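K.L.:
Sharing work00.pdb (PDB, C-alpha atoms) below.
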ATOM      1  CA  MET Q 168     -18.971  19.427  13.127  1.00  0.00           C
ATOM      2  CA  ILE Q 169     -18.064  16.095  14.724  1.00  0.00           C
ATOM      3  CA  ALA Q 170     -18.541  14.323  11.389  1.00  0.00           C
ATOM      4  CA  ALA Q 171     -16.369  16.838   9.541  1.00  0.00           C
ATOM      5  CA  ILE Q 172     -13.569  16.378  12.072  1.00  0.00           C
ATOM      6  CA  THR Q 173     -13.757  12.575  12.109  1.00  0.00           C
ATOM      7  CA  PHE Q 174     -14.369  11.680   8.435  1.00  0.00           C
ATOM      8  CA  LEU Q 175     -10.718  11.424   7.429  1.00  0.00           C
ATOM      9  CA  PRO Q 176      -9.655   9.503  10.560  1.00  0.00           C
ATOM     10  CA  LEU Q 177     -12.576   7.122  10.020  1.00  0.00           C
ATOM     11  CA  PHE Q 178     -11.619   6.472   6.400  1.00  0.00           C
ATOM     12  CA  ARG Q 179      -7.969   6.039   7.352  1.00  0.00           C
ATOM     13  CA  GLY Q 180      -9.142   3.639  10.056  1.00  0.00           C
ATOM     14  CA  LEU Q 181     -11.134   1.689   7.478  1.00  0.00           C
ATOM     15  CA  THR Q 182      -7.992   1.329   5.380  1.00  0.00           C
ATOM     16  CA  HIS Q 183      -6.064   0.198   8.468  1.00  0.00           C
ATOM     17  CA  TYR Q 184      -8.620  -2.394   9.589  1.00  0.00           C
ATOM     18  CA  VAL Q 185      -9.777  -3.630   6.183  1.00  0.00           C
ATOM     19  CA  ASN Q 186      -6.487  -3.691   4.274  1.00  0.00           C
ATOM     20  CA  PRO Q 187      -3.450  -3.379   6.560  1.00  0.00           C
ATOM     21  CA  ASP Q 188      -1.153  -4.624   3.768  1.00  0.00           C
ATOM     22  CA  LEU Q 189      -2.151  -1.673   1.582  1.00  0.00           C
ATOM     23  CA  GLU Q 190      -1.511   0.725   4.455  1.00  0.00           C
ATOM     24  CA  ALA Q 191       1.924  -0.802   5.079  1.00  0.00           C
ATOM     25  CA  PHE Q 192       2.740  -0.698   1.353  1.00  0.00           C
ATOM     26  CA  ALA Q 193       1.772   2.986   1.136  1.00  0.00           C
ATOM     27  CA  ASP Q 194       3.890   3.874   4.194  1.00  0.00           C
ATOM     28  CA  LYS Q 195       6.900   1.942   2.915  1.00  0.00           C
ATOM     29  CA  ASN Q 196       6.649   2.960  -0.753  1.00  0.00           C
ATOM     30  CA  PRO Q 197       5.622   6.570  -1.395  1.00  0.00           C
ATOM     31  CA  ILE Q 198       4.507   6.963  -5.008  1.00  0.00           C
ATOM     32  CA  THR Q 199       5.223  10.043  -7.097  1.00  0.00           C
ATOM     33  CA  VAL Q 200       3.960  10.700 -10.615  1.00  0.00           C
ATOM     34  CA  SER Q 201       6.025  13.187 -12.648  1.00  0.00           C
ATOM     35  CA  ALA Q 202       4.338  14.769 -15.664  1.00  0.00           C
ATOM     36  CA  ASP Q 203       3.624  18.053 -17.375  1.00  0.00           C
ATOM     37  CA  GLN Q 204       0.447  19.101 -15.546  1.00  0.00           C
ATOM     38  CA  SER Q 205      -0.833  20.951 -18.617  1.00  0.00           C
ATOM     39  CA  THR Q 206      -1.339  17.513 -20.207  1.00  0.00           C
ATOM     40  CA  CYS Q 207      -3.429  16.226 -17.295  1.00  0.00           C
ATOM     41  CA  ASN Q 208      -7.142  16.805 -17.791  1.00  0.00           C
ATOM     42  CA  PHE Q 209     -10.009  16.976 -15.319  1.00  0.00           C
ATOM     43  CA  HIS Q 210     -12.836  14.711 -16.530  1.00  0.00           C
ATOM     44  CA  ILE Q 211     -16.131  15.067 -14.667  1.00  0.00           C
ATOM     45  CA  PHE Q 212     -18.358  13.266 -17.160  1.00  0.00           C
ATOM     46  CA  VAL Q 213     -16.653  10.695 -19.335  1.00  0.00           C
ATOM     47  CA  GLY Q 214     -18.066  10.057 -22.804  1.00  0.00           C
ATOM     48  CA  PRO Q 215     -17.115   9.813 -26.465  1.00  0.00           C
ATOM     49  CA  TRP Q 216     -15.939  13.445 -26.307  1.00  0.00           C
ATOM     50  CA  SER Q 217     -13.346  12.635 -23.614  1.00  0.00           C
ATOM     51  CA  ASN Q 218      -9.702  12.716 -24.667  1.00  0.00           C
ATOM     52  CA  PHE Q 219      -7.493  10.782 -22.251  1.00  0.00           C
ATOM     53  CA  THR Q 220      -3.822  11.682 -22.181  1.00  0.00           C
ATOM     54  CA  GLN Q 221      -1.017   9.475 -20.858  1.00  0.00           C
ATOM     55  CA  CYS Q 222      -1.119  11.488 -17.639  1.00  0.00           C
ATOM     56  CA  ASP Q 223      -4.870  10.837 -17.280  1.00  0.00           C
ATOM     57  CA  ARG Q 224      -4.388   7.108 -17.831  1.00  0.00           C
ATOM     58  CA  ALA Q 225      -1.527   6.925 -15.327  1.00  0.00           C
ATOM     59  CA  GLN Q 226      -3.488   8.712 -12.600  1.00  0.00           C
ATOM     60  CA  ASP Q 227      -6.556   6.595 -13.332  1.00  0.00           C
ATOM     61  CA  PHE Q 228      -4.463   3.411 -13.061  1.00  0.00           C
ATOM     62  CA  LEU Q 229      -3.060   4.316  -9.635  1.00  0.00           C
ATOM     63  CA  THR Q 230      -6.399   5.557  -8.312  1.00  0.00           C
ATOM     64  CA  LYS Q 231      -8.204   2.392  -9.405  1.00  0.00           C
ATOM     65  CA  SER Q 232      -5.442   0.403  -7.707  1.00  0.00           C
ATOM     66  CA  GLY Q 233      -6.360   2.146  -4.436  1.00  0.00           C
ATOM     67  CA  LEU Q 234      -2.999   3.856  -4.108  1.00  0.00           C
ATOM     68  CA  SER Q 235      -2.311   7.372  -2.872  1.00  0.00           C
ATOM     69  CA  PHE Q 236       0.259   9.275  -4.867  1.00  0.00           C
ATOM     70  CA  LYS Q 237       1.860  12.684  -5.135  1.00  0.00           C
ATOM     71  CA  ILE Q 238       1.911  14.545  -8.447  1.00  0.00           C
ATOM     72  CA  VAL Q 239       5.001  16.538  -9.405  1.00  0.00           C
ATOM     73  CA  SER Q 240       4.676  18.930 -12.326  1.00  0.00           C
ATOM     74  CA  VAL Q 241       7.533  18.830 -14.825  1.00  0.00           C
ATOM     75  CA  PRO Q 242       6.724  21.524 -17.425  1.00  0.00           C
ATOM     76  CA  GLY Q 243       7.582  20.503 -20.967  1.00  0.00           C
ATOM     77  CA  SER Q 244       8.022  16.817 -20.136  1.00  0.00           C
ATOM     78  CA  LYS Q 245       6.820  14.425 -22.836  1.00  0.00           C
ATOM     79  CA  SER Q 246       6.897  11.447 -20.457  1.00  0.00           C
ATOM     80  CA  VAL Q 247       4.766  10.415 -17.482  1.00  0.00           C
ATOM     81  CA  ASP Q 248       7.063   8.761 -14.942  1.00  0.00           C
ATOM     82  CA  MET Q 249       6.344   6.959 -11.682  1.00  0.00           C
ATOM     83  CA  THR Q 250       8.647   6.669  -8.696  1.00  0.00           C
ATOM     84  CA  ILE Q 251       7.900   3.956  -6.119  1.00  0.00           C
ATOM     85  CA  GLY Q 252      10.195   4.461  -3.155  1.00  0.00           C
ATOM     86  CA  SER Q 253      13.587   4.649  -4.881  1.00  0.00           C
ATOM     87  CA  THR Q 254      12.543   2.822  -8.075  1.00  0.00           C
ATOM     88  CA  LYS Q 255      11.740   4.967 -11.105  1.00  0.00           C
ATOM     89  CA  VAL Q 256       9.653   3.727 -14.026  1.00  0.00           C
ATOM     90  CA  GLU Q 257      10.014   5.868 -17.137  1.00  0.00           C
ATOM     91  CA  GLY Q 258       6.992   6.459 -19.339  1.00  0.00           C
ATOM     92  CA  TRP Q 259       3.390   5.347 -18.892  1.00  0.00           C
ATOM     93  CA  ASP Q 260       2.959   1.659 -19.662  1.00  0.00           C
ATOM     94  CA  ASN Q 261       0.309  -0.370 -17.858  1.00  0.00           C
ATOM     95  CA  ALA Q 262       2.357  -3.582 -17.883  1.00  0.00           C
ATOM     96  CA  LYS Q 263       5.568  -1.883 -16.667  1.00  0.00           C
ATOM     97  CA  TRP Q 264       3.779  -0.022 -13.896  1.00  0.00           C
ATOM     98  CA  THR Q 265       1.922  -3.162 -12.791  1.00  0.00           C
ATOM     99  CA  ALA Q 266       5.207  -5.102 -12.687  1.00  0.00           C
ATOM    100  CA  ALA Q 267       6.933  -2.325 -10.714  1.00  0.00           C
ATOM    101  CA  LEU Q 268       4.118  -2.238  -8.163  1.00  0.00           C
ATOM    102  CA  LYS Q 269       4.185  -6.015  -7.821  1.00  0.00           C
ATOM    103  CA  ALA Q 270       7.986  -5.981  -7.392  1.00  0.00           C
ATOM    104  CA  ALA Q 271       7.573  -3.392  -4.602  1.00  0.00           C
ATOM    105  CA  GLY Q 272       5.147  -5.720  -2.775  1.00  0.00           C
ATOM    106  CA  TYR Q 273       1.731  -4.463  -3.884  1.00  0.00           C
ATOM    107  CA  SER Q 274      -0.825  -7.270  -3.796  1.00  0.00           C
ATOM    108  CA  GLY Q 275      -3.881  -5.582  -5.357  1.00  0.00           C
ATOM    109  CA  THR Q 276      -6.418  -7.250  -3.068  1.00  0.00           C
ATOM    110  CA  ALA Q 277      -7.044  -7.341   0.646  1.00  0.00           C
ATOM    111  CA  ASP Q 278      -6.199 -10.478   2.600  1.00  0.00           C
ATOM    112  CA  LYS Q 279      -9.535 -11.434   4.178  1.00  0.00           C
ATOM    113  CA  ALA Q 280      -7.746 -13.224   7.017  1.00  0.00           C
ATOM    114  CA  LYS Q 281      -6.250  -9.886   8.136  1.00  0.00           C
ATOM    115  CA  VAL Q 282      -9.520  -7.916   8.093  1.00  0.00           C
ATOM    116  CA  ASN Q 283     -10.605  -6.754  11.548  1.00  0.00           C
ATOM    117  CA  TRP Q 284     -14.330  -7.270  11.018  1.00  0.00           C
ATOM    118  CA  PHE Q 285     -15.432  -5.830  14.358  1.00  0.00           C
ATOM    119  CA  MET Q 286     -13.623  -2.502  13.949  1.00  0.00           C
ATOM    120  CA  THR Q 287     -14.685  -2.263  10.302  1.00  0.00           C
ATOM    121  CA  GLU Q 288     -18.324  -2.740  11.271  1.00  0.00           C
ATOM    122  CA  LEU Q 289     -17.987  -0.261  14.139  1.00  0.00           C
ATOM    123  CA  MET Q 290     -16.620   2.449  11.857  1.00  0.00           C
ATOM    124  CA  LEU Q 291     -19.332   1.832   9.274  1.00  0.00           C
ATOM    125  CA  VAL Q 292     -21.996   2.059  12.007  1.00  0.00           C
ATOM    126  CA  ILE Q 293     -20.529   5.401  13.123  1.00  0.00           C
ATOM    127  CA  LEU Q 294     -20.779   6.684   9.544  1.00  0.00           C
ATOM    128  CA  VAL Q 295     -24.392   5.478   9.321  1.00  0.00           C
ATOM    129  CA  ILE Q 296     -25.193   7.251  12.607  1.00  0.00           C
ATOM    130  CA  TYR Q 297     -23.849  10.495  11.128  1.00  0.00           C
ATOM    131  CA  VAL Q 298     -26.233  10.135   8.186  1.00  0.00           C
ATOM    132  CA  THR Q 299     -29.250   9.243  10.332  1.00  0.00           C
ATOM    133  CA  THR Q 300     -28.764  12.202  12.676  1.00  0.00           C
ATOM    134  CA  VAL Q 301     -29.062  14.542   9.706  1.00  0.00           C
ATOM    135  CA  TYR Q 302     -31.798  12.807   7.741  1.00  0.00           C
ATOM    136  CA  GLY Q 303     -34.042  12.060  10.714  1.00  0.00           C
ATOM    137  CA  ALA Q 304     -34.123  15.659  11.850  1.00  0.00           C
ATOM    138  CA  ILE Q 305     -34.452  17.208   8.409  1.00  0.00           C
ATOM    139  CA  ALA Q 306     -37.460  15.054   7.484  1.00  0.00           C
ATOM    140  CA  ALA Q 307     -39.374  16.127  10.592  1.00  0.00           C
ATOM    141  CA  PHE Q 308     -38.392  19.762  10.088  1.00  0.00           C
ATOM    142  CA  LEU Q 309     -39.416  19.900   6.426  1.00  0.00           C
ATOM    143  CA  VAL Q 310     -42.772  18.207   7.001  1.00  0.00           C
ATOM    144  CA  GLU Q 311     -43.737  20.844   9.553  1.00  0.00           C
ATOM    145  CA  MET Q 312     -42.736  23.764   7.318  1.00  0.00           C
ATOM    146  CA  PHE Q 313     -45.739  23.560   4.976  1.00  0.00           C
ATOM    147  CA  PRO Q 314     -49.503  23.154   5.374  1.00  0.00           C
ATOM    148  CA  THR Q 315     -50.942  19.732   4.513  1.00  0.00           C
ATOM    149  CA  LYS Q 316     -52.584  20.851   1.238  1.00  0.00           C
ATOM    150  CA  ILE Q 317     -49.321  21.835  -0.430  1.00  0.00           C
ATOM    151  CA  ARG Q 318     -46.858  19.778   1.601  1.00  0.00           C
ATOM    152  CA  TYR Q 319     -46.083  17.172  -1.041  1.00  0.00           C
ATOM    153  CA  THR Q 320     -45.411  19.578  -3.907  1.00  0.00           C
ATOM    154  CA  SER Q 321     -43.701  22.316  -1.926  1.00  0.00           C
ATOM    155  CA  MET Q 322     -41.511  20.005   0.103  1.00  0.00           C
ATOM    156  CA  SER Q 323     -41.019  16.759  -1.755  1.00  0.00           C
ATOM    157  CA  LEU Q 324     -40.266  18.033  -5.237  1.00  0.00           C
ATOM    158  CA  PRO Q 325     -37.536  20.558  -4.311  1.00  0.00           C
ATOM    159  CA  TYR Q 326     -36.185  18.237  -1.612  1.00  0.00           C
ATOM    160  CA  HIS Q 327     -35.696  15.372  -4.045  1.00  0.00           C
ATOM    161  CA  ILE Q 328     -34.285  17.566  -6.787  1.00  0.00           C
ATOM    162  CA  GLY Q 329     -31.866  19.246  -4.397  1.00  0.00           C
ATOM    163  CA  ASN Q 330     -30.953  16.228  -2.322  1.00  0.00           C
ATOM    164  CA  GLY Q 331     -31.204  13.551  -4.970  1.00  0.00           C
ATOM    165  CA  TRP Q 332     -29.729  15.237  -8.002  1.00  0.00           C
ATOM    166  CA  PHE Q 333     -27.407  17.870  -6.562  1.00  0.00           C
ATOM    167  CA  GLY Q 334     -26.612  16.062  -3.328  1.00  0.00           C
ATOM    168  CA  GLY Q 335     -26.138  12.786  -5.151  1.00  0.00           C
ATOM    169  CA  MET Q 336     -23.729  14.356  -7.610  1.00  0.00           C
ATOM    170  CA  CYS Q 337     -21.832  16.086  -4.813  1.00  0.00           C
ATOM    171  CA  HIS Q 338     -19.979  12.908  -3.813  1.00  0.00           C
ATOM    172  CA  TYR Q 339     -19.054  12.138  -7.399  1.00  0.00           C
ATOM    173  CA  LEU Q 340     -17.794  15.662  -8.025  1.00  0.00           C
ATOM    174  CA  GLN Q 341     -15.876  15.675  -4.735  1.00  0.00           C
ATOM    175  CA  LEU Q 342     -14.185  12.407  -5.655  1.00  0.00           C
ATOM    176  CA  ARG Q 343     -13.271  13.783  -9.071  1.00  0.00           C
ATOM    177  CA  SER Q 344     -11.858  16.955  -7.509  1.00  0.00           C
ATOM    178  CA  TRP Q 345      -9.766  14.909  -5.057  1.00  0.00           C
ATOM    179  CA  LEU Q 346      -8.122  13.177  -7.971  1.00  0.00           C
ATOM    180  CA  ARG Q 347      -6.966  16.448  -9.495  1.00  0.00           C
ATOM    181  CA  PRO Q 348      -4.818  18.185  -6.845  1.00  0.00           C
ATOM    182  CA  ALA Q 349      -1.163  17.586  -6.063  1.00  0.00           C
ATOM    183  CA  THR Q 350      -1.983  14.651  -3.784  1.00  0.00           C
ATOM    184  CA  SER Q 351      -4.452  11.891  -4.456  1.00  0.00           C
ATOM    185  CA  MET Q 352      -7.495  10.844  -2.453  1.00  0.00           C
ATOM    186  CA  PRO Q 353      -6.821  10.240   1.269  1.00  0.00           C
ATOM    187  CA  ALA Q 354      -9.329   7.358   1.449  1.00  0.00           C
ATOM    188  CA  SER Q 355      -8.096   5.591  -1.654  1.00  0.00           C
ATOM    189  CA  GLY Q 356      -7.492   2.320   0.194  1.00  0.00           C
ATOM    190  CA  ILE Q 357     -11.206   1.675   0.577  1.00  0.00           C
ATOM    191  CA  ARG Q 358     -11.729   0.720  -3.057  1.00  0.00           C
ATOM    192  CA  SER Q 359      -8.827  -1.685  -3.086  1.00  0.00           C
ATOM    193  CA  ALA Q 360     -10.073  -3.308   0.108  1.00  0.00           C
ATOM    194  CA  SER Q 361     -13.476  -3.985  -1.404  1.00  0.00           C
ATOM    195  CA  ARG Q 362     -12.213  -6.121  -4.297  1.00  0.00           C
TER     196      ARG Q 362
END
Show me, as structure tokens, the structure contained in the file I just sent.

P.N.:
Amino acid sequence: MIAAITFLPLFRGLTHYVNPDLEAFADKNPITVSADQSTCNFHIFVGPWSNFTQCDRAQDFLTKSGLSFKIVSVPGSKSVDMTIGSTKVEGWDNAKWTAALKAAGYSGTADKAKVNWFMTELMLVILVIYVTTVYGAIAAFLVEMFPTKIRYTSMSLPYHIGNGWFGGMCHYLQLRSWLRPATSMPASGIRSASR
């Protein structure tokens, strides 16, 4: 329960302490993407079968830049437009959008001189403690559930399938689902800070 309540503040704190320029840019320049939402696709697994629309490319561009944005549906619109503060950029074009972001003061990388290393490390340690409190207890619990003769097969196989495959994919699917709703990922500054 504590972890669930503190995850978002911890990730916002990481953005604040790792990349304060990104946080200031996001506060000063709210970004809105206007597009016909019926043209925006939800891609879980990307492959040769994937068809990326202009809307998909625009959202991917902003997400990979580590920027939070709001999506406004404009039914019937043929164009994907971006508004940064009061500046509007018509149509999806990587070069135009990059130039508009740069003109608004977006740097693209974190300034290592502004990183608060102590607070960053503290927040990461807190996140690691959350993981260890769960995994330490569950390992001891699962080992005691089965007799020694069948312990490995009855515990290890389903544990690793469930935890490794389904649990491992959970984060990926959650990230993909965060990119789809009307507002982008709340912890999007982390990626930009790690460049």

K.L.:
For a quick check of your reading of the model, name the residues lying within 10 Å of the coordinate (13.5, 3.3, -3.0), counting all atoms listed in the file, and write them as number ranges by chain.

P.N.:
Q: 195-198, 250-255, 271

K.L.:
Tell me, in Å to one decimal, how far CA of Asn208 (chain Q) is from CA of Gln226 (chain Q).

P.N.:
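Separating CA of Asn208 (chain Q) from CA of Gln226 (chain Q) is a distance of 10.3 Å.
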
K.L.:
If the PyMOL selection byres ((chain Q and resi 236) around 8) is run on the structure shown, which residues does it catch, given as a PyMOL selection string?

P.N.:
chain Q and resi 197-200+229+234-235+237-238+350-351

K.L.:
Which is closer to Leu340 (chain Q) than all the others in Q:Phe192, Q:Ser321, Q:Ser205, Q:Ile211, using only C-alpha atoms?

P.N.:
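Closest candidate: Q:Ile211.
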
K.L.:
Contacts between region 256-259 of chain Q and region 172-226 of chain Q, please, where a residue of region 172-226 of chain Q counts if it comes within 9 Å (with all atoms listed in the file); show its shortest atom pair and distance in Å to one decimal, rows by chain and ascending number, as JSON lines.

P.N.:
{"residue": "Q:Gln221", "atom": "CA", "partner": "Q:Trp259", "partner_atom": "CA", "distance": 6.4}
{"residue": "Q:Cys222", "atom": "CA", "partner": "Q:Trp259", "partner_atom": "CA", "distance": 7.7}
{"residue": "Q:Arg224", "atom": "CA", "partner": "Q:Trp259", "partner_atom": "CA", "distance": 8.0}
{"residue": "Q:Ala225", "atom": "CA", "partner": "Q:Trp259", "partner_atom": "CA", "distance": 6.3}

K.L.:
With all atoms listed in the file as the basis for distance, which of Q:Ser244, Q:Thr300, Q:Thr287, Q:Ser274 is at the shortest distance from Glu190 (chain Q)?

P.N.:
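Nearest to Glu190 (chain Q): Q:Ser274.
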
K.L.:
Separation of CA of Lys245 (chain Q) and CA of Phe212 (chain Q), in Å?

P.N.:
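Those two atoms sit 25.8 Å apart.
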
K.L.:
On this file, the PyMOL selection byres ((chain Q and resi 283) around 12) gives some set of residues; write that set as a PDB file with C-alpha atoms, in the frame of the given file.

P.N.:
ATOM      1  CA  GLY Q 180      -9.142   3.639  10.056  1.00  0.00           C
ATOM      2  CA  LEU Q 181     -11.134   1.689   7.478  1.00  0.00           C
ATOM      3  CA  THR Q 182      -7.992   1.329   5.380  1.00  0.00           C
ATOM      4  CA  HIS Q 183      -6.064   0.198   8.468  1.00  0.00           C
ATOM      5  CA  TYR Q 184      -8.620  -2.394   9.589  1.00  0.00           C
ATOM      6  CA  VAL Q 185      -9.777  -3.630   6.183  1.00  0.00           C
ATOM      7  CA  ASN Q 186      -6.487  -3.691   4.274  1.00  0.00           C
ATOM      8  CA  PRO Q 187      -3.450  -3.379   6.560  1.00  0.00           C
ATOM      9  CA  ALA Q 277      -7.044  -7.341   0.646  1.00  0.00           C
ATOM     10  CA  ASP Q 278      -6.199 -10.478   2.600  1.00  0.00           C
ATOM     11  CA  LYS Q 279      -9.535 -11.434   4.178  1.00  0.00           C
ATOM     12  CA  ALA Q 280      -7.746 -13.224   7.017  1.00  0.00           C
ATOM     13  CA  LYS Q 281      -6.250  -9.886   8.136  1.00  0.00           C
ATOM     14  CA  VAL Q 282      -9.520  -7.916   8.093  1.00  0.00           C
ATOM     15  CA  TRP Q 284     -14.330  -7.270  11.018  1.00  0.00           C
ATOM     16  CA  PHE Q 285     -15.432  -5.830  14.358  1.00  0.00           C
ATOM     17  CA  MET Q 286     -13.623  -2.502  13.949  1.00  0.00           C
ATOM     18  CA  THR Q 287     -14.685  -2.263  10.302  1.00  0.00           C
ATOM     19  CA  GLU Q 288     -18.324  -2.740  11.271  1.00  0.00           C
ATOM     20  CA  LEU Q 289     -17.987  -0.261  14.139  1.00  0.00           C
ATOM     21  CA  MET Q 290     -16.620   2.449  11.857  1.00  0.00           C
ATOM     22  CA  ALA Q 360     -10.073  -3.308   0.108  1.00  0.00           C
TER      23      ALA Q 360
END

K.L.:
So the first atom is CA of Met249 (chain Q) and the second is CA of Ala202 (chain Q); what is the distance between them in Å, to one decimal place?

P.N.:
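Interatomic distance here is 9.0 Å.
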